Every structure is written in C-alpha cells, then in structure tokens.
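Here the structure is laid out as structure tokens; the discussion comes afterwards.
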Amino acid sequence: MKKLHKITALLLAALCIISITSCRASDNEDSEVTEQTSIEESSEPSSTPEPSKAESSKKVSSKPSKPSKQESKEEVIVDSSREILSDFTGLLAENSDTVGWVNVPNTPIDYVVVQSPKDLIDTAYEQDPYYLQKDFYGNYYYPGSIFMDYRSEIGCKNMILHGHSMANGTMFAGLLNFSDLGVYKSSPVLSFNTLYEKSKWKIIAVIKVNTLEYHGPIFRYLRGHFGSDYDFLNFVYELRMRSIIDCPVDVNENDQLVTLSTCAYDFDSFRLAVIARKVREGESSAVKVSDARYNPNPLYPDIWYNCFGGTKPEVTSFQDALNSKKIKWYDGKKKWSKKDDDELAKLLQSYKNKAEKTIRDSYNESDYTQDQISEINTIIGIYLPYVADATDITRVMDLCKQCTAIIKTYLPERKKLEDEEKARQTALKTARAAAINEIESAAKSRKFSAQNQEKVRELIQTYKKKINECQDPAMIPVMRDNAVSRIDKLKSG
C-alpha cells in the first residue's frame, strides 16, 4: 500500500506534537540598559515591509531571492469577510502564506510572518515545518523564516510564532536576551500585526522549557486554543510561574496572547519563549518597568535543579493561588473556586469523548476500499490512546485536528471508482446511441433492391446488438464503420 510507509512514520514519531527542530547555536551578549519609570514601544514595522530586513549569516545569501517559479502548495485560508490591511496586499501577492509582521524594538526582529497549511500533516510524519529552512519565496535558506505554528491561526487565543536563534543575532536570536531584566525593561512592548489588524503586545512572561522527556515533565506552552476561560487562566498561571521576569502587566480571561519561541542553549533542545498579551482597547501601551523584577524562584525543568540546585516552587492551580493571595496579576471580575478545577477535569473528559467521536465519524466506510479502511483504522488506533492520555484540552483538540486531517488525505477510492465507472457507462451509452444512429441514417439515405432490403435490416439488427454489448469505447467506431461499409455494398447500382 502506497501509504503504509506514512503509517510506519506515525508509529516512529509516537505522535509527539513537536514544537520546532534544528535551531542553531547563538552567541549572545547582554546590552547595557538604564531603568525607566515608563516606556512605550519605540519602533513600528515598516509601512511597506520587505520579506527580510535583518542581516543574514555570512554563510548564506544577504537576503531571500525570488525563484523563477513558485512551488505549488495549498494556500492559507484568508478570511474574505475581513478587510486586509494595505500593508499586506503586496506581500500576499508575492506569497499567499503571509499572515503578519512582527517587530521587537531594540532588536533585529522585524520580519514578515508566514504559515504553511502543510505543517499540520507534515509534522505528524516527522517532517520539518515548511519554512524552517525556506525563505519567504520558498527557496532553501539556512536561517529559515519567522512562521506561525500549525496549532494556531490569525485571531486565536494564543498565536504562536517560531524562528531560529542565529549565531549572528538575526531572526529570533534577540529573544534570548530577554531573560535579562535590563533588556526586558528596554523593550517591554512588541508589535505583531496580522493581515487584518495592527496591534501592540505587552510582554507578560519570559520562560525556558524542555522538549525532551528525560529532562523532566514537558510543559506544553504551544497552545493556540483553550476549552474555557478557566483553562486559559490556568495556562497563564503556569506561564507566570515559569517566567524569569516578574512583568508588571495584568492579565484576565478576555485577553489574547502571542508567543514568540526560539531555541535556547542551556541544555539540549531547550526553548525560550517570550509571551505577550494584546494591548486592550483604550489602554495605554506604556508599561511601568520600574516595577519589574527578577522572579526570585521561577519554575524550571527538572534538569535545571539537577545541575544548578535550588528548590522547585509549588505549583497548584490558578484559583488556589489566586485565593491564597499569591497572584497579583489577575484583574478580571470573576470569582473562582475549587469547583472550577473539578469542572475543568470534567471538561477535559468531555473533549476526549468528543474527539474520539469526531475521529471515528470523519469518514464513511462505504466510500473507501477495504485496504483503505484498514489503513485508516490503523491511524485511528495510533491516535486514540494519545487522546485518552492527554492532560490538557488543547492537546486533545490538536490530536483530533491532526488525525482527521490525515484521514482526509485518503481519497475515497471506492466512491471514486464508482463515479468513474458511472461516467464510463454514460459515455458508452452516448457512443452506442450515436453509432447506431449513424448506421440507421446511412441505411435511410441509400436505395436498395427488394432482395437486399431484408439483408440491410438483418445487418442493422446484428450490429445494434454487438454495439450495445460492447464494453470497449474504442471498438464502437470500428463497428459503426464496418456496418456502414457493408450497407454501402448492398445499395442498388
């Protein structure tokens, strides 16, 4: 079966919904900064952006180059009901995968953001994200592009952006400096404009996390969607517990986040992420950075404590920490209690049940061949245990989305074959009728002796029977021509 190798790849991948691979080493020096009481974003992205502004490594070309012909690929879905900002019309004409532009003041980060719809399925087969080492035009490019994670999309609760941390300081390398309090104070607000909206975002957390299980439990920070307000606030609580910087920025259930993620080099396959929340309507983008400080005891992966010592802080739940007066950043109006923890557990189970049903109902067996059904059931058998073991709603949603997307790659062969056969029979019927009509017309247009008229009738009936029984479209014209030729020989002098 031509897709069995993909199923094998799924088994080898063990369905680890990966973050991003192959980041490069980076040399970083913290810059000197001065504290300010209040600071706003100091630069905006260009009104007429180019695909790449930052300098590239000496090992690669200075900027992405246009290919002679763009690769054919699926397009990112653009919301036709919303008006696209004029800044992006030119970029979209160059590459329909364009989704936005990110700018972090006082860093080289000032780039177009792309997203490939292929990543959802490709990552399941352990293939690199499309833009990991491709430029804006789809050419091979060592630093890659800044791209949006397949688990998020424009306008979702947490939009996730990835980029390499290049040794020369380009792409997302500048994020590594944000574990320094002075660097954070110099740039507490970033800009991320989507196709439809220009927005500023206040940084709420700078975290370091592991992606390898032997380094300790993995915190899944790449969450684009949430099952409820409380689910979202628990996520924010986990971010703030891990944040190296205590950022003086409030958050509530109505806020939206953007996450900028890159490779860190404290340990193998570490990640550093800067998370920011959208500046609210009517709110100033100023941040009172004089209130910012280092978190005295941020939560790190287990390997951190094994190597550097220290004591892990206790992590409970958002409502427990809030009611114990350990949270100062929540400015929402809702009251939360232990009941919300219980409800979240029930909600998780309901999402698992819904995901299993959605996966099983994602195809109609009658449309597929037996071999295809067997392959699809193998894929479902791989995914469902991971759905059952998922510890958060987002992972359940992502597994369901990925599994159903893979199932959809199996074109309904049985239905396709039936449709092709139906079309073939229709074409045969049309060809038969046309051939018989031409034979009968040939007989009517000629004169025959009384003796030959009976022979002509018998000849027509013989050929009508042969043509109506014929299953080869190519033979029908041959039979027609033979019949007309024999009729010609019987016509009167």
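FYI, nothing fancy with the structure tokens labels: chains A, B, ... in order, residues from 1 per chain, ligands from 1 as they appear.
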
> Using only C-alpha atoms, which residues sit within 8 Å of stretch 356-366 of chain A once same-chain residues fewer than 2 positions away are excluded, as a PyMOL selection string?
Replying inline: chain A and resi 352-354+368-369+373+380+384+387+400+403-404+407-408+414-415

For the selection you just gave me, I'd like the residues written to a file as a compact mmCIF listing (two decimals), in the first residue's frame, keeping all heavy atoms.
# COMPACT_ATOMS: atom_id res chain seq x y z
N LYS A 352 -12.30 14.78 25.25
CA LYS A 352 -11.76 13.49 24.80
C LYS A 352 -12.85 12.66 24.13
O LYS A 352 -12.62 12.06 23.07
CB LYS A 352 -11.17 12.73 25.98
CG LYS A 352 -9.89 13.34 26.55
CD LYS A 352 -9.36 12.51 27.72
CE LYS A 352 -8.08 13.10 28.29
NZ LYS A 352 -7.54 12.32 29.40
N ASN A 353 -14.02 12.63 24.76
CA ASN A 353 -15.14 11.86 24.18
C ASN A 353 -15.55 12.43 22.83
O ASN A 353 -15.80 11.69 21.88
CB ASN A 353 -16.33 11.89 25.14
CG ASN A 353 -16.04 11.18 26.45
OD1 ASN A 353 -15.13 10.36 26.54
ND2 ASN A 353 -16.81 11.49 27.48
N LYS A 354 -15.60 13.76 22.77
CA LYS A 354 -15.98 14.42 21.52
C LYS A 354 -14.94 14.17 20.44
O LYS A 354 -15.27 13.94 19.27
CB LYS A 354 -16.14 15.92 21.76
CG LYS A 354 -16.58 16.71 20.53
CD LYS A 354 -16.74 18.18 20.85
CE LYS A 354 -17.14 18.97 19.60
NZ LYS A 354 -17.27 20.43 19.90
N TYR A 368 -14.87 3.91 0.82
CA TYR A 368 -13.47 3.50 0.76
C TYR A 368 -13.32 2.01 0.48
O TYR A 368 -14.22 1.21 0.76
CB TYR A 368 -12.75 3.85 2.07
CG TYR A 368 -12.70 5.33 2.34
CD1 TYR A 368 -13.78 5.99 2.92
CD2 TYR A 368 -11.58 6.09 2.01
CE1 TYR A 368 -13.76 7.35 3.15
CE2 TYR A 368 -11.53 7.45 2.25
CZ TYR A 368 -12.63 8.08 2.81
OH TYR A 368 -12.60 9.43 3.04
N THR A 369 -12.16 1.66 -0.06
CA THR A 369 -11.87 0.24 -0.28
C THR A 369 -11.50 -0.40 1.05
O THR A 369 -11.19 0.28 2.03
CB THR A 369 -10.70 0.08 -1.26
OG1 THR A 369 -9.51 0.63 -0.68
CG2 THR A 369 -10.98 0.80 -2.58
N ILE A 373 -9.73 1.27 4.39
CA ILE A 373 -10.37 1.22 5.71
C ILE A 373 -9.41 0.65 6.74
O ILE A 373 -9.31 1.13 7.86
CB ILE A 373 -11.67 0.38 5.64
CG1 ILE A 373 -12.72 1.10 4.79
CG2 ILE A 373 -12.21 0.12 7.05
CD1 ILE A 373 -13.93 0.26 4.48
N ILE A 380 -6.24 5.59 13.26
CA ILE A 380 -7.12 5.89 14.40
C ILE A 380 -6.63 5.16 15.65
O ILE A 380 -6.62 5.71 16.76
CB ILE A 380 -8.57 5.49 14.07
CG1 ILE A 380 -9.14 6.42 12.99
CG2 ILE A 380 -9.45 5.55 15.32
CD1 ILE A 380 -10.52 6.03 12.50
N LEU A 384 -5.93 7.42 19.11
CA LEU A 384 -6.87 7.41 20.23
C LEU A 384 -6.21 7.20 21.60
O LEU A 384 -6.62 7.84 22.58
CB LEU A 384 -7.97 6.37 19.99
CG LEU A 384 -8.98 6.72 18.91
CD1 LEU A 384 -10.09 5.68 18.85
CD2 LEU A 384 -9.58 8.11 19.13
N VAL A 387 -5.03 10.52 22.65
CA VAL A 387 -6.16 11.35 23.06
C VAL A 387 -6.55 11.01 24.50
O VAL A 387 -6.77 11.89 25.33
CB VAL A 387 -7.36 11.16 22.11
CG1 VAL A 387 -8.61 11.85 22.67
CG2 VAL A 387 -7.03 11.72 20.72
N CYS A 400 -6.94 15.60 17.61
CA CYS A 400 -8.14 15.36 16.81
C CYS A 400 -8.02 16.02 15.44
O CYS A 400 -8.30 15.41 14.40
CB CYS A 400 -9.37 15.90 17.56
SG CYS A 400 -10.92 15.70 16.67
N CYS A 403 -5.34 14.09 13.34
CA CYS A 403 -5.80 12.77 12.90
C CYS A 403 -6.82 12.87 11.78
O CYS A 403 -6.72 12.17 10.77
CB CYS A 403 -6.38 12.01 14.09
SG CYS A 403 -6.88 10.32 13.70
N THR A 404 -7.80 13.75 11.94
CA THR A 404 -8.83 13.89 10.90
C THR A 404 -8.24 14.43 9.61
O THR A 404 -8.67 14.06 8.51
CB THR A 404 -9.98 14.79 11.38
OG1 THR A 404 -9.46 16.04 11.84
CG2 THR A 404 -10.74 14.14 12.52
N ILE A 407 -6.63 11.52 7.86
CA ILE A 407 -7.67 10.66 7.28
C ILE A 407 -8.18 11.25 5.97
O ILE A 407 -8.45 10.53 5.00
CB ILE A 407 -8.81 10.45 8.28
CG1 ILE A 407 -8.34 9.58 9.45
CG2 ILE A 407 -10.04 9.81 7.61
CD1 ILE A 407 -9.32 9.46 10.59
N LYS A 408 -8.29 12.57 5.92
CA LYS A 408 -8.80 13.23 4.71
C LYS A 408 -7.84 13.11 3.53
O LYS A 408 -8.23 13.35 2.39
CB LYS A 408 -9.08 14.70 5.00
CG LYS A 408 -10.31 14.92 5.86
CD LYS A 408 -10.53 16.40 6.15
CE LYS A 408 -11.75 16.60 7.04
NZ LYS A 408 -11.96 18.02 7.39
N ARG A 414 -13.22 3.97 -3.34
CA ARG A 414 -14.39 3.20 -3.78
C ARG A 414 -15.39 4.12 -4.49
O ARG A 414 -15.88 3.81 -5.57
CB ARG A 414 -15.05 2.52 -2.59
CG ARG A 414 -16.29 1.69 -3.00
CD ARG A 414 -16.94 1.04 -1.80
NE ARG A 414 -16.06 0.05 -1.20
CZ ARG A 414 -16.35 -0.64 -0.11
NH1 ARG A 414 -17.49 -0.42 0.51
NH2 ARG A 414 -15.51 -1.52 0.38
N LYS A 415 -15.66 5.24 -3.88
CA LYS A 415 -16.59 6.19 -4.48
C LYS A 415 -16.01 6.73 -5.79
O LYS A 415 -16.73 6.91 -6.78
CB LYS A 415 -16.87 7.35 -3.53
CG LYS A 415 -17.95 8.32 -4.00
CD LYS A 415 -18.25 9.35 -2.94
CE LYS A 415 -19.43 10.22 -3.33
NZ LYS A 415 -19.23 10.90 -4.61

Find the nearest atom pair between each residue of stretch 150-235 of chain A and stretch 104-121 of chain A for residues within 8 Å, count only C-alpha atoms, give distances in Å to one decimal, sort rows by chain and ascending number, and present the table as a tab-separated table.
residue	atom	partner	partner_atom	distance
A:Tyr150	CA	A:Leu120	CA	5.5
A:Arg151	CA	A:Leu120	CA	7.6
A:Leu161	CA	A:Val113	CA	7.9
A:Gly169	CA	A:Pro108	CA	7.4
A:Thr170	CA	A:Pro108	CA	6.0
A:Met171	CA	A:Ile109	CA	6.1
A:Phe172	CA	A:Ile109	CA	6.4
A:Gly174	CA	A:Thr107	CA	5.7
A:Ser186	CA	A:Asn106	CA	7.6
A:Ser187	CA	A:Pro105	CA	5.8
A:Val189	CA	A:Val104	CA	7.5
A:Leu190	CA	A:Val104	CA	4.8
A:Ser191	CA	A:Val104	CA	6.3

> Which neighbours of stretch 279-294 of chain A fall inside 12 Å, counting only C-alpha atoms, when residues of the same chain fewer than 5 positions from it are skipped, and could you give them as number ranges by chain?
Replying inline: A: 34-42, 178-192, 198-206, 240-252, 254-258

> At what distance in Å, to one decimal, does atom CA of A:Glu213 lie from atom CA of A:Asn158?
Replying inline: 24.1 Å

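Using only C-alpha atoms, the shortest contact distance between A:Ala355 and any of A:Ser324, A:Gln453, A:Ser317, A:Thr394 is found at A:Thr394.
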
> Using only C-alpha atoms, which of A:Ser165, A:Thr311, A:Thr194, A:Asn234 sits nearest A:Glu153?
Replying inline: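 Ranking A:Ser165, A:Thr311, A:Thr194, A:Asn234 by distance to A:Glu153, first place goes to A:Thr194.
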
>> Could you list, as number ranges by chain, every residue within 9 Å of stretch 483-493 of chain A, counting only C-alpha atoms and ignoring same-chain residues fewer than 6 positions away?
In response: A: 438-440, 442-443, 446-449, 452-453, 455-456, 459-460, 463

> Of the residues A:Glu314, A:Glu83, A:Asp481, A:Glu126, which is the one nearest to A:Ala435, using only C-alpha atoms?
Replying inline: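 For A:Ala435, the nearest of the given residues is A:Asp481.
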